[in-house]
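Content type mmCIF, C-alpha atoms, from the file my_file_18.cif:
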data_run
#
loop_
_atom_site.label_atom_id
_atom_site.label_comp_id
_atom_site.auth_asym_id
_atom_site.auth_seq_id
_atom_site.Cartn_x
_atom_site.Cartn_y
_atom_site.Cartn_z
CA MET A 316 76.93 123.27 116.76
CA ILE A 317 78.24 121.34 113.74
CA ASP A 318 79.29 117.77 114.30
CA ARG A 319 82.76 117.13 112.91
CA MET A 320 83.67 113.74 111.50
CA GLU A 321 86.98 112.47 112.78
CA PRO A 322 89.60 111.81 110.09
CA LEU A 323 90.88 108.30 109.47
CA PRO A 324 93.40 107.49 112.21
CA LEU A 325 96.40 106.88 109.94
CA THR A 326 95.93 109.95 107.75
CA GLY A 327 99.27 111.65 107.18
CA LEU A 328 101.37 108.52 107.66
CA THR A 329 103.48 107.10 104.82
CA VAL A 330 104.07 103.37 104.47
CA LEU A 331 106.72 101.96 102.16
CA ALA A 332 106.11 98.31 101.28
CA LEU A 333 108.53 95.95 99.54
CA GLU A 334 105.97 93.18 99.39
CA GLN A 335 104.59 90.27 97.45
CA ALA A 336 101.95 87.54 97.63
CA VAL A 337 99.49 87.88 100.56
CA ALA A 338 100.88 88.35 104.08
CA ALA A 339 102.51 91.79 103.76
CA PRO A 340 100.05 93.14 101.15
CA PHE A 341 97.14 92.14 103.41
CA ALA A 342 98.71 94.03 106.34
CA THR A 343 99.44 97.18 104.34
CA ARG A 344 96.02 97.19 102.69
CA HIS A 345 94.49 97.57 106.14
CA LEU A 346 96.86 100.46 106.79
CA ALA A 347 95.73 102.06 103.53
CA ASP A 348 92.05 101.54 104.39
CA LEU A 349 92.68 103.46 107.63
CA GLY A 350 94.14 106.44 105.80
CA ALA A 351 97.85 105.77 105.37
CA ARG A 352 99.61 106.48 102.11
CA VAL A 353 101.03 103.13 101.00
CA ILE A 354 103.73 103.06 98.32
CA LYS A 355 104.05 99.52 97.01
CA ILE A 356 107.43 98.72 95.45
CA GLU A 357 107.08 96.10 92.72
CA ARG A 358 109.43 94.32 90.35
CA VAL A 359 109.77 96.00 86.97
CA ASP A 360 109.35 92.64 85.19
CA GLY A 361 105.75 91.83 86.06
CA GLY A 362 105.39 93.29 89.52
CA ASP A 363 104.06 91.41 92.52
CA PHE A 364 103.68 87.82 91.33
CA ALA A 365 100.21 87.73 92.93
CA ARG A 366 99.12 89.86 89.96
CA HIS A 367 99.30 86.69 87.88
CA TYR A 368 97.72 84.02 90.08
CA ASP A 369 94.47 84.07 88.10
CA THR A 370 92.21 86.33 86.04
CA ALA A 371 89.02 85.77 88.02
CA ALA A 372 88.28 89.44 88.87
CA HIS A 373 87.23 90.50 85.36
CA GLY A 374 90.74 89.80 84.11
CA LEU A 375 92.62 90.76 87.27
CA ALA A 376 93.93 88.35 89.89
CA SER A 377 91.53 87.91 92.79
CA HIS A 378 94.30 87.78 95.41
CA PHE A 379 95.79 91.03 94.11
CA VAL A 380 92.45 92.85 94.00
CA TRP A 381 91.73 91.73 97.57
CA CYS A 382 95.06 92.81 99.07
CA ASN A 383 96.19 95.86 97.12
CA ARG A 384 93.49 98.47 96.81
CA GLY A 385 94.36 102.03 97.77
CA LYS A 386 98.10 101.71 97.11
CA GLU A 387 100.52 103.54 94.83
CA SER A 388 102.51 101.21 92.58
CA LEU A 389 106.19 102.05 92.12
CA ALA A 390 107.93 99.67 89.71
CA LEU A 391 111.61 99.61 90.67
CA ASP A 392 114.60 97.28 90.48
CA VAL A 393 115.91 97.46 94.04
CA LYS A 394 118.87 95.25 93.19
CA ASP A 395 120.24 98.03 90.98
CA PRO A 396 122.16 100.60 93.07
CA ARG A 397 120.09 103.39 91.52
CA GLY A 398 116.84 101.70 92.50
CA LEU A 399 118.09 101.01 96.01
CA ALA A 400 119.15 104.65 96.34
CA ILE A 401 115.57 105.70 95.54
CA VAL A 402 114.25 103.41 98.26
CA ARG A 403 116.64 105.06 100.72
CA ARG A 404 115.42 108.50 99.68
CA LEU A 405 111.83 107.41 100.24
CA LEU A 406 112.71 105.97 103.65
CA ALA A 407 113.80 109.39 104.85
CA ASP A 408 110.15 110.50 104.94
CA ALA A 409 108.46 107.16 105.68
CA ASP A 410 106.77 106.27 108.95
CA VAL A 411 106.51 102.53 108.31
CA PHE A 412 108.44 100.04 106.18
CA VAL A 413 107.10 96.52 105.58
CA GLN A 414 108.84 93.70 103.72
CA ASN A 415 108.23 90.00 103.19
CA LEU A 416 110.99 89.06 100.78
CA ALA A 417 112.61 85.65 100.93
CA GLN A 418 114.57 85.15 104.15
CA GLY A 419 117.85 87.11 104.02
CA ALA A 420 117.05 89.08 100.86
CA ALA A 421 116.17 92.30 102.67
CA ALA A 422 119.26 92.05 104.89
CA ARG A 423 121.51 91.72 101.85
CA LEU A 424 120.07 95.01 100.61
CA GLY A 425 120.38 96.67 104.01
CA LEU A 426 116.58 96.83 104.21
CA ASP A 427 115.99 94.54 107.20
CA ALA A 428 114.13 96.05 110.14
CA ALA A 429 117.09 96.19 112.54
CA THR A 430 119.34 98.00 110.06
CA LEU A 431 116.66 100.48 109.01
CA CYS A 432 115.58 101.32 112.55
CA ALA A 433 119.20 101.96 113.56
CA ALA A 434 119.45 104.50 110.74
CA HIS A 435 115.94 105.93 111.17
CA PRO A 436 114.98 105.93 114.87
CA ARG A 437 111.37 107.06 114.26
CA LEU A 438 110.74 104.40 111.63
CA VAL A 439 108.58 101.36 112.35
CA ALA A 440 110.07 98.56 110.23
CA VAL A 441 108.44 95.15 109.82
CA ASP A 442 110.08 91.90 108.76
CA ILE A 443 107.57 89.18 107.84
CA SER A 444 109.08 85.73 107.38
CA GLY A 445 107.95 82.17 107.11
CA TYR A 446 109.69 80.68 110.14
CA GLY A 447 111.63 83.51 111.79
CA ALA A 448 115.13 84.86 111.32
CA SER A 449 116.94 82.07 113.18
CA GLY A 450 116.63 78.36 113.85
CA PRO A 451 116.87 75.37 111.50
CA TYR A 452 113.83 76.42 109.46
CA ALA A 453 114.89 80.04 108.90
CA GLY A 454 115.97 79.50 105.30
CA LYS A 455 113.11 77.23 104.21
CA ARG A 456 110.63 78.36 101.61
CA ALA A 457 107.38 79.14 103.37
CA TYR A 458 104.22 79.04 101.30
CA ASP A 459 100.87 79.12 103.00
CA MET A 460 99.97 75.44 102.60
CA LEU A 461 103.41 74.38 103.86
CA VAL A 462 103.09 76.50 107.00
CA GLN A 463 99.56 75.21 107.58
CA CYS A 464 101.11 71.75 107.68
CA GLU A 465 104.05 72.73 109.91
CA ALA A 466 101.74 74.55 112.34
CA GLY A 467 99.44 71.52 112.64
CA LEU A 468 96.36 73.23 111.21
CA VAL A 469 95.97 70.58 108.53
CA SER A 470 96.13 67.83 111.15
CA VAL A 471 93.00 69.11 112.88
CA THR A 472 91.07 70.11 109.74
CA GLY A 473 89.08 67.63 107.69
CA THR A 474 87.42 64.31 108.36
CA PRO A 475 88.67 61.39 110.44
CA GLU A 476 89.85 59.79 107.20
CA GLN A 477 91.35 62.79 105.43
CA PRO A 478 93.23 65.86 106.67
CA VAL A 479 92.76 68.96 104.50
CA LYS A 480 94.23 72.43 104.37
CA ALA A 481 92.05 75.44 105.13
CA GLY A 482 90.29 76.82 102.05
CA ILE A 483 91.77 80.28 102.65
CA PRO A 484 95.45 81.25 103.08
CA ALA A 485 95.24 81.05 106.86
CA ALA A 486 98.98 81.33 107.54
CA ASP A 487 99.31 84.39 105.31
CA ILE A 488 96.27 86.04 106.85
CA ALA A 489 97.46 85.33 110.40
CA ALA A 490 100.88 86.82 109.69
CA GLY A 491 99.33 89.81 107.94
CA MET A 492 97.02 90.58 110.82
CA TYR A 493 99.81 90.35 113.41
CA ALA A 494 101.97 92.59 111.23
CA PHE A 495 99.10 95.08 111.01
CA SER A 496 98.51 95.08 114.77
CA GLY A 497 102.27 95.16 115.40
CA VAL A 498 102.57 98.33 113.31
CA LEU A 499 99.72 99.96 115.24
CA ALA A 500 101.30 99.01 118.58
CA ALA A 501 104.70 100.35 117.50
CA LEU A 502 103.12 103.60 116.31
CA VAL A 503 101.46 104.03 119.71
CA ARG A 504 104.83 103.48 121.36
CA ARG A 505 106.42 106.01 119.03
CA GLY A 506 103.79 108.52 120.06
CA VAL A 507 104.97 108.08 123.67
CA THR A 508 108.74 107.66 123.25
CA GLY A 509 109.41 109.25 119.88
CA ARG A 510 111.05 106.05 118.63
CA GLY A 511 109.66 103.46 116.26
CA GLY A 512 111.54 100.18 116.17
CA PRO A 513 111.58 96.77 114.51
CA VAL A 514 108.59 94.44 114.34
CA GLU A 515 109.10 90.76 113.52
CA VAL A 516 106.30 88.38 112.54
CA SER A 517 106.61 84.84 111.26
CA MET A 518 103.86 82.88 109.57
CA LEU A 519 104.59 79.85 111.76
CA ASP A 520 104.39 81.86 115.00
CA ALA A 521 101.19 83.55 113.89
CA LEU A 522 99.39 80.37 112.90
CA ALA A 523 100.65 78.45 115.94
CA GLU A 524 99.01 81.13 118.09
CA TRP A 525 95.73 80.45 116.30
CA MET A 526 96.23 76.78 117.11
CA GLY A 527 95.97 77.56 120.83
CA HIS A 528 93.02 75.28 121.62
CA PRO A 529 94.33 72.09 119.99
CA LEU A 530 97.85 72.84 121.25
CA HIS A 531 96.73 73.14 124.86
CA HIS A 532 94.45 70.16 124.48
CA ALA A 533 97.30 68.00 123.20
CA MET A 534 99.99 69.31 125.56
CA HIS A 535 97.95 68.95 128.72
CA ASP A 536 95.59 66.07 127.92
CA GLY A 537 98.12 64.09 125.92
CA THR A 538 95.94 63.62 122.86
CA PRO A 539 95.15 66.04 120.03
CA PRO A 540 91.51 66.80 119.21
CA ALA A 541 90.14 64.44 116.60
CA ARG A 542 89.30 65.63 113.10
CA THR A 543 85.53 65.69 112.94
CA GLY A 544 84.63 67.49 109.72
CA LEU A 545 81.97 70.06 110.55
CA ALA A 546 81.33 68.49 113.94
CA HIS A 547 83.05 69.55 117.16
CA SER A 548 85.48 67.18 118.80
CA VAL A 549 84.21 67.74 122.36
CA ILE A 550 80.66 69.11 121.98
CA ALA A 551 77.47 67.42 120.73
CA PRO A 552 75.25 68.10 118.94
CA TYR A 553 77.50 70.45 116.94
CA ASP A 554 77.38 69.64 113.23
CA ALA A 555 75.67 70.25 109.90
CA TYR A 556 72.42 68.46 109.14
CA ALA A 557 70.67 67.98 105.80
CA THR A 558 67.28 69.60 105.24
CA ALA A 559 64.42 68.54 103.00
CA ASP A 560 65.25 71.08 100.26
CA GLY A 561 68.86 69.95 99.86
CA GLY A 562 70.32 72.58 102.16
CA ARG A 563 72.42 72.06 105.26
CA VAL A 564 71.92 73.74 108.60
CA LEU A 565 74.49 73.81 111.38
CA LEU A 566 73.58 73.99 115.03
CA SER A 567 75.55 74.14 118.22
CA VAL A 568 74.31 73.16 121.66
CA GLN A 569 76.66 74.68 124.23
CA ASN A 570 75.07 73.52 127.46
CA ASP A 571 72.49 71.14 128.88
CA ARG A 572 69.80 73.82 129.20
CA GLU A 573 70.00 74.36 125.45
CA TRP A 574 69.78 70.63 124.87
CA ARG A 575 66.55 70.47 126.83
CA ARG A 576 65.09 73.31 124.74
CA LEU A 577 66.22 71.62 121.54
CA ALA A 578 64.67 68.31 122.59
CA GLU A 579 61.36 69.89 123.51
CA GLN A 580 60.89 72.64 120.90
CA VAL A 581 62.67 71.27 117.82
CA LEU A 582 63.02 67.52 118.15
CA GLY A 583 59.58 67.11 119.67
CA LYS A 584 61.02 64.64 122.20
CA PRO A 585 61.12 66.40 125.57
CA GLU A 586 61.99 63.12 127.30
CA LEU A 587 65.48 63.28 125.73
CA GLY A 588 66.22 66.31 127.87
CA SER A 589 66.42 64.19 131.01
CA ASP A 590 67.44 60.85 129.50
CA PRO A 591 70.81 59.88 131.08
CA ALA A 592 72.10 58.94 127.63
CA PHE A 593 71.73 62.56 126.46
CA ALA A 594 71.22 64.81 129.49
CA THR A 595 74.86 65.96 129.71
CA ASN A 596 77.32 66.98 127.05
CA ALA A 597 79.67 64.18 128.06
CA ALA A 598 76.85 61.68 127.54
CA ARG A 599 75.90 63.19 124.18
CA VAL A 600 79.51 63.05 122.99
CA ALA A 601 79.75 59.42 124.12
CA ASN A 602 76.51 58.73 122.20
CA ARG A 603 77.29 61.12 119.34
CA GLU A 604 75.92 58.89 116.57
CA LEU A 605 72.54 58.48 118.27
CA THR A 606 72.43 62.14 119.28
CA ASP A 607 73.06 63.23 115.71
CA SER A 608 70.45 60.83 114.37
CA HIS A 609 67.72 62.43 116.52
CA VAL A 610 68.66 65.87 115.22
CA ALA A 611 68.99 64.67 111.61
CA VAL A 612 65.51 63.13 111.62
CA ALA A 613 63.89 66.28 113.02
CA LEU A 614 65.61 68.69 110.61
CA GLY A 615 65.38 66.37 107.62
CA VAL A 616 61.65 66.98 107.21
CA LEU A 617 62.03 70.78 107.21
CA ASP A 618 63.43 73.03 104.51
CA ALA A 619 66.44 75.14 105.48
CA ASP A 620 64.48 78.32 106.19
CA GLU A 621 62.00 76.41 108.39
CA ALA A 622 64.81 74.69 110.25
CA VAL A 623 66.60 77.96 110.97
CA ALA A 624 63.36 79.61 112.09
CA ARG A 625 62.56 76.68 114.41
CA LEU A 626 66.07 76.73 115.92
CA ASP A 627 66.09 80.51 116.30
CA GLY A 628 62.72 80.32 118.03
CA ALA A 629 64.16 77.84 120.53
CA GLY A 630 67.22 80.00 121.14
CA ILE A 631 69.60 77.47 119.58
CA ALA A 632 72.68 78.81 117.80
CA CYS A 633 72.46 77.91 114.13
CA ALA A 634 73.60 78.87 110.66
CA ARG A 635 73.06 78.07 106.99
CA LEU A 636 75.94 76.32 105.23
CA ARG A 637 76.43 78.86 102.44
CA ASP A 638 78.62 78.56 99.38
CA VAL A 639 80.77 81.52 98.32
CA PRO A 640 78.28 82.99 95.79
CA GLU A 641 75.64 82.93 98.53
CA VAL A 642 78.00 84.83 100.84
CA ALA A 643 78.33 87.52 98.18
CA GLU A 644 74.56 87.97 98.41
CA HIS A 645 74.30 87.56 102.19
CA PRO A 646 71.28 89.48 103.51
CA GLN A 647 73.21 90.74 106.53
CA PHE A 648 75.76 92.55 104.37
CA ALA A 649 73.00 94.08 102.29
CA ALA A 650 70.99 95.20 105.33
CA ARG A 651 74.05 96.86 106.87
CA ASP A 652 75.19 98.45 103.58
CA ARG A 653 78.61 96.79 103.72
CA TRP A 654 79.34 96.69 99.98
CA ARG A 655 81.24 99.40 98.11
CA GLU A 656 82.79 99.70 94.66
CA VAL A 657 86.54 99.93 94.21
CA GLY A 658 88.13 101.35 91.08
CA SER A 659 90.45 99.16 89.04
CA PRO A 660 92.02 98.96 85.58
CA VAL A 661 89.01 96.92 84.45
CA GLY A 662 86.36 99.15 86.00
CA PRO A 663 84.50 99.14 89.33
CA LEU A 664 84.72 95.98 91.45
CA ARG A 665 82.57 95.08 94.44
CA ALA A 666 84.41 94.93 97.76
CA LEU A 667 83.35 94.65 101.38
CA LEU A 668 84.07 97.42 103.79
CA PRO A 669 86.93 96.38 106.10
CA PRO A 670 85.83 94.85 109.41
CA ILE A 671 87.16 97.75 111.50
CA THR A 672 84.45 100.40 111.78
CA LEU A 673 85.13 103.72 113.52
CA PRO A 674 81.74 105.31 114.28
CA GLY A 675 81.84 109.08 114.15
CA GLY A 676 84.78 109.07 111.77
CA ASP A 677 85.37 109.04 108.06
CA GLU A 678 84.57 105.80 106.28
CA ALA A 679 87.48 103.53 105.36
CA ARG A 680 89.35 104.77 102.32
CA MET A 681 88.94 102.01 99.77
CA GLY A 682 91.14 103.28 96.95
CA ASP A 683 91.71 101.94 93.48
CA VAL A 684 93.62 98.79 92.59
CA PRO A 685 96.75 100.12 90.84
CA VAL A 686 98.23 99.26 87.47
CA LEU A 687 101.85 98.14 87.71
CA GLY A 688 104.01 101.27 87.83
CA GLU A 689 101.00 103.57 87.73
CA HIS A 690 102.58 105.96 90.22
CA THR A 691 106.25 105.58 89.34
CA ASP A 692 106.64 109.01 87.75
CA ALA A 693 104.76 110.83 90.50
CA VAL A 694 106.70 109.14 93.31
CA LEU A 695 110.07 109.74 91.65
CA ARG A 696 109.28 113.37 90.93
CA ALA A 697 108.26 113.81 94.57
CA VAL A 698 111.77 112.79 95.68
CA GLY A 699 113.30 115.40 93.37
CA MET A 700 114.06 113.44 90.19
CA THR A 701 113.80 115.19 86.84
CA GLY A 702 112.02 113.93 83.77
CA GLU A 703 115.35 113.15 82.14
CA GLU A 704 116.51 111.13 85.14
CA ILE A 705 113.26 109.17 85.22
CA ALA A 706 113.48 108.51 81.49
CA ALA A 707 117.02 107.17 81.94
CA LEU A 708 115.85 104.82 84.69
CA ARG A 709 113.09 103.52 82.46
CA ARG A 710 115.47 103.11 79.53
CA ASP A 711 117.85 101.05 81.68
CA GLY A 712 115.11 98.90 83.15
CA VAL A 713 115.56 100.27 86.68
CA ALA A 714 112.04 101.73 86.75
CA ALA A 715 108.85 100.99 84.90
#
Translate this file's structure into C-alpha cells.
Amino acid sequence: MIDRMEPLPLTGLTVLALEQAVAAPFATRHLADLGARVIKIERVDGGDFARHYDTAAHGLASHFVWCNRGKESLALDVKDPRGLAIVRRLLADADVFVQNLAQGAAARLGLDAATLCAAHPRLVAVDISGYGASGPYAGKRAYDMLVQCEAGLVSVTGTPEQPVKAGIPAADIAAGMYAFSGVLAALVRRGVTGRGGPVEVSMLDALAEWMGHPLHHAMHDGTPPARTGLAHSVIAPYDAYATADGGRVLLSVQNDREWRRLAEQVLGKPELGSDPAFATNAARVANRELTDSHVAVALGVLDADEAVARLDGAGIACARLRDVPEVAEHPQFAARDRWREVGSPVGPLRALLPPITLPGGDEARMGDVPVLGEHTDAVLRAVGMTGEEIAALRRDGVAA
C-alpha cells in the first residue's frame, strides 16, 4: 500500500488581496503558504509601499520579502473605472478578498466586506482597519507604533524609567494573525452553510486582546503591572543575568520547589530554600534585589554555556539572550531542518518554514517574492482580456 501525502489544505482556493504594509500581507502570505493562490493588487506607481522601506534583503525590502512570498503581483489602478472593473471580474471567481486600505477607501470603491458579501454570498471578505469602522477613532491613521501606544503595550514594555515600543510590528502581526484565523473560520462555516461572509479585524482590538494579562491585572487589582525590563513584575527570580564570558542568561523560577532546586544545585546555598526571606515567591518578589544578587553572583562566575547546562541540569527554565544574527544560526532550527530558500528577483533568500506544520501532508508552499506587476499579463489574460486591451491599459497607466 502506497502512502499518499495530503495536499495543502487551501489548494484550489483563490485569494484576492488589495493590501499594503504588513497586517494584510502577513495574513495572506500564510494563506499562500497553505496552498491558496494569492493575487496581490498593487499600485502601478511603485506598488505596495513596503517594497521601499529598506534594501536590507540583498536590495529588496525586508518587510516585503517576509510578507509577500508565493503571491502573484497584479499592478492595477483601482481608482480608474477600467481597473475597478477588472477587480470585479476577478471577484467572480475568488474565494477570499482581503483589504487594509485607509479607513473608508474600500467602501468608496464598493470593495468593503459588507458590500462584496452581499453581491457574492460565497465570498469571505476581510476588512482590516486600525481602530474599527465606527467610533471616534475610526478615521485616525493607524501605524503600528501608534496602535502599540493606544493599546497600552508601550506602557508595560521597557524599564521603570523608560517605556519602549516592541521591536517588532506587534499590532500589525496581531491583526494579521486574527485576519488569517478569521478567514479559516469563515471558510469552515462556508463549508457547512455554503455562505462566506464578512470578517472585520482592527489592529487595536487585536493588540488589546494580547494585552489580556496587564488589562485584567489593572482592571481587577487597580494597578497596572510595573515595567521591569527583562524581569517579571510578579515573579522572582525571573530576569537576565550576566555571565563571565559577556553573555546573558535568563532564568525563570515558577514555584517554590524550583527555587529550592536552584538554591541547592546552582547557587550552592541550600539554606536559601527554606529561608523565610526567599522561601515563597511573594517573599522573593518583596526581596527582589537580594534575590537577584544571589543569582547574579552564582551565574557571574560561569560562562553562558556552563550556566545553561547547570540550570538545565537542575530543571530550571532558562534561555540564552540571543541577538538577531544568532537567531539566524540557532541550533534548534538547524537540527529540525527549518530553513528553506525562497526565490526572488535578486536570487535565493533564506526563509524559515511557517510555524504551522501538517505532518503527513505536503510541505508549505514557499513561493517566490514577486516583481511588481510580474503577473499582470497572465492574470488579465485569464479573465479574457486580449493583448491589445492589455497594451491599452498599460499605455494609459491603468496597469503595469
Evaluate the PyMOL selection byres ((chain A and resi 630) around 10) on the structure here and hand back the selected residues as a PyMOL selection string. chain A and resi 568+573+576-577+580+624-629+631-633
Let me know the residues the PyMOL selection byres ((chain A and resi 347) around 12) catches in the file above, as a VMD selection string. chain A and resid 323 to 332 340 to 346 348 to 355 382 to 387 411 495 669 679 to 684
For Gln463 (chain A), please output as a PyMOL selection string all residues within 10 Å (counting all atoms listed in the file; exclusion window: fewer than 5 positions along the same chain). chain A and resi 457-458+468-470+479-481+484-487+518-519+522-523
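Residues in contact with Tyr368 (chain A) at 12 Å, where only C-alpha atoms are counted and same-chain residues fewer than 4 positions away are skipped, are listed as A:Gln335, A:Ala336, A:Val337, A:Gly361, A:Asp363, A:Phe364, A:Ala372, A:Gly374, A:Leu375, A:Ala376, A:Ser377, A:His378, A:Phe379, A:Val380.
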From the list A:Arg575, A:Arg423, A:His690, A:Arg505, which residue is nearest Gly588 (chain A) when using all atoms listed in the file? A:Arg575
May I have the residues within 12 Å of Gly445 (chain A) as an MDAnalysis selection string, using all atoms listed in the file and disregarding those fewer than 4 positions away in the same chain? chainID A and resid 338:339 415:419 449:450 452:463 465:466 486:487 489:491 515:522
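Between CA of Val439 (chain A) and CA of Leu406 (chain A) the separation is 10.7 Å.
Every protein, DNA or RNA residue with an atom at most 12 Å from Asp620 (chain A), where all atoms listed in the file count and chain neighbours fewer than 4 positions away do not, is listed here: Thr558, Ala559, Asp560, Gly561, Gly562, Arg563, Val564, Leu614, Val616, Ala624, Arg625, Leu626, Asp627, Cys633, Ala634, Arg635 and Leu636 of chain A.
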Please produce an output containing C-alpha atoms for each residue in the selection, written as a PDB file, in the coordinates of the input.
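Saved result, out.pdb, follows:
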ATOM      1  CA  THR A 558      67.280  69.600 105.240  1.00  0.00           C
ATOM      2  CA  ALA A 559      64.420  68.540 103.000  1.00  0.00           C
ATOM      3  CA  ASP A 560      65.250  71.080 100.260  1.00  0.00           C
ATOM      4  CA  GLY A 561      68.860  69.950  99.860  1.00  0.00           C
ATOM      5  CA  GLY A 562      70.320  72.580 102.160  1.00  0.00           C
ATOM      6  CA  ARG A 563      72.420  72.060 105.260  1.00  0.00           C
ATOM      7  CA  VAL A 564      71.920  73.740 108.600  1.00  0.00           C
ATOM      8  CA  LEU A 614      65.610  68.690 110.610  1.00  0.00           C
ATOM      9  CA  VAL A 616      61.650  66.980 107.210  1.00  0.00           C
ATOM     10  CA  ALA A 624      63.360  79.610 112.090  1.00  0.00           C
ATOM     11  CA  ARG A 625      62.560  76.680 114.410  1.00  0.00           C
ATOM     12  CA  LEU A 626      66.070  76.730 115.920  1.00  0.00           C
ATOM     13  CA  ASP A 627      66.090  80.510 116.300  1.00  0.00           C
ATOM     14  CA  CYS A 633      72.460  77.910 114.130  1.00  0.00           C
ATOM     15  CA  ALA A 634      73.600  78.870 110.660  1.00  0.00           C
ATOM     16  CA  ARG A 635      73.060  78.070 106.990  1.00  0.00           C
ATOM     17  CA  LEU A 636      75.940  76.320 105.230  1.00  0.00           C
TER      18      LEU A 636
END
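Proximity of A:His535, A:Ser388, A:Glu357, A:Pro322 to Val694 (chain A), computed with all atoms listed in the file, is greatest for A:Ser388.
Of the listed residues A:Val514, A:Ile483, A:Ala611, A:Ile488, the one whose atoms come nearest to Cys432 (chain A) is A:Val514, with distances taken using all atoms listed in the file.
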